[in-house]
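Text of the file target16.csv, holding CSV, C-alpha atoms:
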chain,number,residue,atom,x,y,z
O,1169,MET,CA,103.6,115.9,116.3
O,1170,ALA,CA,101.3,113.0,115.9
O,1171,ILE,CA,99.4,111.4,118.8
O,1172,ASN,CA,100.1,108.0,117.4
O,1173,LYS,CA,101.7,106.4,114.4
O,1174,ASN,CA,98.3,106.1,112.6
O,1175,HIS,CA,97.7,109.9,112.5
O,1176,GLU,CA,100.8,111.6,111.2
O,1177,PHE,CA,101.0,115.1,109.8
O,1178,GLU,CA,103.9,117.3,108.6
O,1179,GLU,CA,104.6,120.1,106.1
O,1180,LEU,CA,104.8,119.1,102.5
O,1181,ASN,CA,105.8,121.8,100.1
O,1182,GLY,CA,105.2,124.4,102.8
O,1183,ILE,CA,101.6,123.2,103.5
O,1184,LYS,CA,100.6,121.4,106.7
O,1185,CYS,CA,99.2,118.0,105.7
O,1186,ALA,CA,97.9,114.8,107.1
O,1187,ILE,CA,100.1,112.0,105.8
O,1188,VAL,CA,98.3,109.4,103.8
O,1189,GLU,CA,101.3,107.2,102.8
O,1190,LYS,CA,105.1,107.6,102.7
O,1191,ASN,CA,107.7,106.2,100.2
O,1192,VAL,CA,105.2,105.3,97.5
O,1193,SER,CA,105.8,104.7,93.8
O,1194,PRO,CA,104.6,107.0,91.1
O,1195,GLN,CA,101.9,104.5,90.1
O,1196,ARG,CA,100.6,104.4,93.7
O,1197,VAL,CA,100.7,108.2,93.9
O,1198,GLU,CA,98.5,108.4,90.8
O,1199,PHE,CA,96.0,105.9,92.3
O,1200,LEU,CA,95.8,107.7,95.7
O,1201,LYS,CA,95.7,111.2,94.1
O,1202,ASN,CA,92.7,110.3,91.9
O,1203,LEU,CA,90.8,108.5,94.7
O,1204,LEU,CA,91.3,111.2,97.3
O,1205,GLN,CA,90.6,114.1,94.9
O,1206,PHE,CA,87.3,112.3,93.8
O,1207,ASN,CA,86.4,112.2,97.5
O,1208,GLY,CA,86.9,116.0,97.8
O,1209,TYR,CA,90.4,116.1,99.4
O,1210,GLU,CA,93.2,118.5,98.3
O,1211,VAL,CA,96.2,116.2,97.7
O,1212,VAL,CA,99.8,117.3,98.1
O,1213,VAL,CA,102.6,115.2,96.8
O,1214,ALA,CA,106.3,115.7,97.7
O,1215,ALA,CA,109.4,113.7,96.9
O,1216,SER,CA,110.6,111.6,99.8
O,1217,PRO,CA,114.1,112.3,101.0
O,1218,ALA,CA,116.7,109.8,99.7
O,1219,PRO,CA,117.7,107.2,102.3
O,1220,LYS,CA,121.0,107.8,104.0
O,1221,ALA,CA,123.7,105.5,102.7
O,1222,ALA,CA,125.9,103.7,105.1
O,1223,GLN,CA,129.6,104.6,104.9
O,1224,ALA,CA,132.0,102.0,103.6
O,1225,PRO,CA,134.4,100.6,106.2
O,1226,LYS,CA,137.9,102.0,106.0
O,1227,PRO,CA,140.6,99.4,105.0
O,1228,ALA,CA,142.8,98.2,107.8
O,1229,ALA,CA,146.4,99.6,108.0
O,1230,PRO,CA,149.0,97.1,106.8
O,1231,ALA,CA,151.2,95.3,109.3
O,1232,ASN,CA,154.8,96.4,109.7
O,1233,GLY,CA,156.4,94.0,107.2
O,1234,GLU,CA,153.6,93.8,104.6
O,1235,ALA,CA,153.5,95.9,101.5
O,1236,GLN,CA,150.4,98.0,100.9
O,1237,THR,CA,148.3,96.6,98.1
O,1238,GLU,CA,146.1,98.8,96.0
O,1239,GLN,CA,142.4,97.8,96.5
O,1240,PRO,CA,139.9,98.5,93.8
O,1241,ALA,CA,137.4,101.3,94.4
O,1242,PRO,CA,134.0,99.9,95.6
O,1243,PRO,CA,131.3,100.1,93.0
O,1244,PRO,CA,129.0,103.1,93.3
O,1245,PRO,CA,125.7,102.4,95.1
O,1246,PRO,CA,122.7,101.9,92.9
O,1247,PRO,CA,120.4,105.0,92.6
O,1248,ALA,CA,117.7,105.2,95.2
O,1249,PRO,CA,114.2,104.5,93.8
O,1250,GLU,CA,112.2,107.6,93.3
O,1251,THR,CA,109.5,107.6,96.0
O,1252,PHE,CA,107.0,110.2,97.2
O,1253,THR,CA,105.0,111.2,100.3
O,1254,VAL,CA,101.3,111.7,99.8
O,1255,GLY,CA,99.3,114.0,102.1
O,1256,VAL,CA,96.0,115.8,102.2
O,1257,THR,CA,95.4,119.4,103.4
O,1258,ASP,CA,92.7,118.3,105.8
O,1259,ILE,CA,94.8,117.5,108.9
O,1260,THR,CA,91.9,115.6,110.5
O,1261,PHE,CA,92.1,112.9,107.8
O,1262,ASN,CA,93.2,109.5,108.9
O,1263,PRO,CA,93.4,106.8,106.3
O,1264,ILE,CA,92.6,104.0,108.7
O,1265,ASN,CA,89.5,105.7,110.0
O,1266,ALA,CA,88.4,106.6,106.4
O,1267,ILE,CA,88.7,103.0,105.2
O,1268,PHE,CA,87.1,101.2,108.1
O,1269,GLY,CA,84.6,104.0,108.7
O,1270,ARG,CA,83.5,103.4,105.1
O,1271,SER,CA,83.7,107.1,104.3
O,1272,LEU,CA,85.6,106.9,101.0
O,1273,ARG,CA,83.9,106.1,97.7
O,1274,THR,CA,85.2,104.9,94.4
O,1275,PRO,CA,84.3,106.8,91.2
O,1276,ASP,CA,81.7,104.2,90.5
O,1277,LYS,CA,80.0,105.0,93.9
O,1278,HIS,CA,81.1,101.8,95.8
O,1279,VAL,CA,82.6,101.9,99.3
O,1280,VAL,CA,86.4,101.7,99.3
O,1281,THR,CA,87.4,98.5,100.9
O,1282,LEU,CA,90.8,97.6,102.4
O,1283,ALA,CA,91.6,95.3,99.4
O,1284,TYR,CA,90.8,98.1,97.0
O,1285,TRP,CA,92.9,100.6,98.9
O,1286,GLN,CA,95.8,98.3,98.9
O,1287,GLN,CA,95.2,97.7,95.1
O,1288,LYS,CA,94.7,94.0,95.6
O,1289,GLU,CA,91.3,94.3,93.8
O,1290,GLU,CA,90.5,96.3,90.7
O,1291,VAL,CA,86.9,96.8,91.7
O,1292,SER,CA,85.7,97.6,95.2
O,1293,HIS,CA,83.1,95.1,96.3
O,1294,ASP,CA,80.7,96.5,98.8
O,1295,GLU,CA,80.8,94.1,101.7
O,1296,VAL,CA,78.2,94.1,104.4
O,1297,PRO,CA,80.0,95.1,107.6
O,1298,TYR,CA,80.3,92.5,110.3
O,1299,PHE,CA,78.0,94.5,112.6
O,1300,ASP,CA,75.1,94.6,110.1
O,1301,LYS,CA,75.0,90.8,109.6

Just give me the structure of the file as structure tokens.
Amino acid sequence: MAINKNHEFEELNGIKCAIVEKNVSPQRVEFLKNLLQFNGYEVVVAASPAPKAAQAPKPAAPANGEAQTEQPAPPPPPPAPETFTVGVTDITFNPINAIFGRSLRTPDKHVVTLAYWQQKEEVSHDEVPYFDK
């Protein structure tokens, strides 16, 4: 069990893993997998369980004098998006500490910034940390 929400771990495909992110798209899985493998982590990806669908309310019973009307069947729910859980086998890994501790590198040897991790920037710009200014 995790000490706090920022350091979760669980079994993925029978392997105890530190959770990097949950419910991510296949494109995000590919980005994280490439980045983490470049940094020397063994990445494990497992399909996220489908969300539980809420049950449809039962129709009310007709009153004494009313005739029962046939109601159309509700449309089937849309298929759940296919999402994945990404983890690494190093259970001491914490993505928050890795990003802000500046311990991850991009393939072009720059430090991984928060914007790069969140895929808001295509290229990681090495920023001078606030404490070095």

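Of the listed residues O:Gln1239, O:Thr1260, O:Thr1253, O:Ser1292, the one whose atoms come nearest to Lys1201 of chain O is O:Thr1253, with distances taken using all atoms listed in the file.
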
| Contacts of Val1211 of chain O within 8 Å, all atoms listed in the file, excl. fewer than 5 positions in-chain, as a ChimeraX atom specification | /O:1201,1204-1205,1254-1257

| said: So, with all atoms listed in the file as the atoms that count, which of O:Ile1187, O:Leu1203, O:Ile1259, O:Val1192 lies closest to Val1280 of chain O? | reply: O:Leu1203

| said: For a test of reading the model, state the distance in Å between atom CA of Ala1214 of chain O and atom CA of Leu1272 of chain O, rounded to one decimal. | reply: 22.7 Å

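Coordinates place atom CA of Pro1263 of chain O at a distance of 16.3 Å from atom CA of Lys1184 of chain O.
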
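Atom pair atom CA of Ala1215 of chain O / atom CA of Val1197 of chain O has a distance of 10.7 Å (rounded to one decimal).
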
| Non-local contacts of segment 1193-1195 of chain O (8 Å; all atoms listed in the file; under 4 positions in same chain excluded) as a ChimeraX atom specification | /O:1199,1250-1252

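Minimum atom-to-atom distance to Leu1180 of chain O, evaluated using only C-alpha atoms, belongs to O:Val1213 out of O:Asn1265, O:Val1213, O:Phe1206, O:Asp1276.
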
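Comparing the minimum interatomic distances between Val1279 of chain O and each of O:Lys1190, O:Asn1207, O:Val1212, O:Phe1261, counting all atoms listed in the file, we find that O:Asn1207 sits nearest.
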
Give the centre and edge lengths of an axis-aligned box, in Å to one decimal, that holds all listed atoms of segment 1202-1206 of chain O with 5 Å on each side, as JSON.
{"center_x": 90.0, "center_y": 111.3, "center_z": 94.6, "size_x": 15.4, "size_y": 15.6, "size_z": 15.4}

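Using all atoms listed in the file, the smallest distance between any of O:Pro1242, O:Arg1270, O:Asn1191, O:Ile1264 and His1175 of chain O comes from O:Ile1264.
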
| said: Taking 2 positions as the minimum chain separation for residues in the same chain, which residues sit within 12 Å of Ala1283 of chain O when counting only C-alpha atoms? Answer as a ChimeraX atom specification. | reply: /O:1267-1268,1279-1281,1285-1295

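Nearest to Phe1177 of chain O of all the residues O:Glu1238, O:His1278, O:Asp1258, O:Tyr1284 is O:Asp1258, counting only C-alpha atoms.
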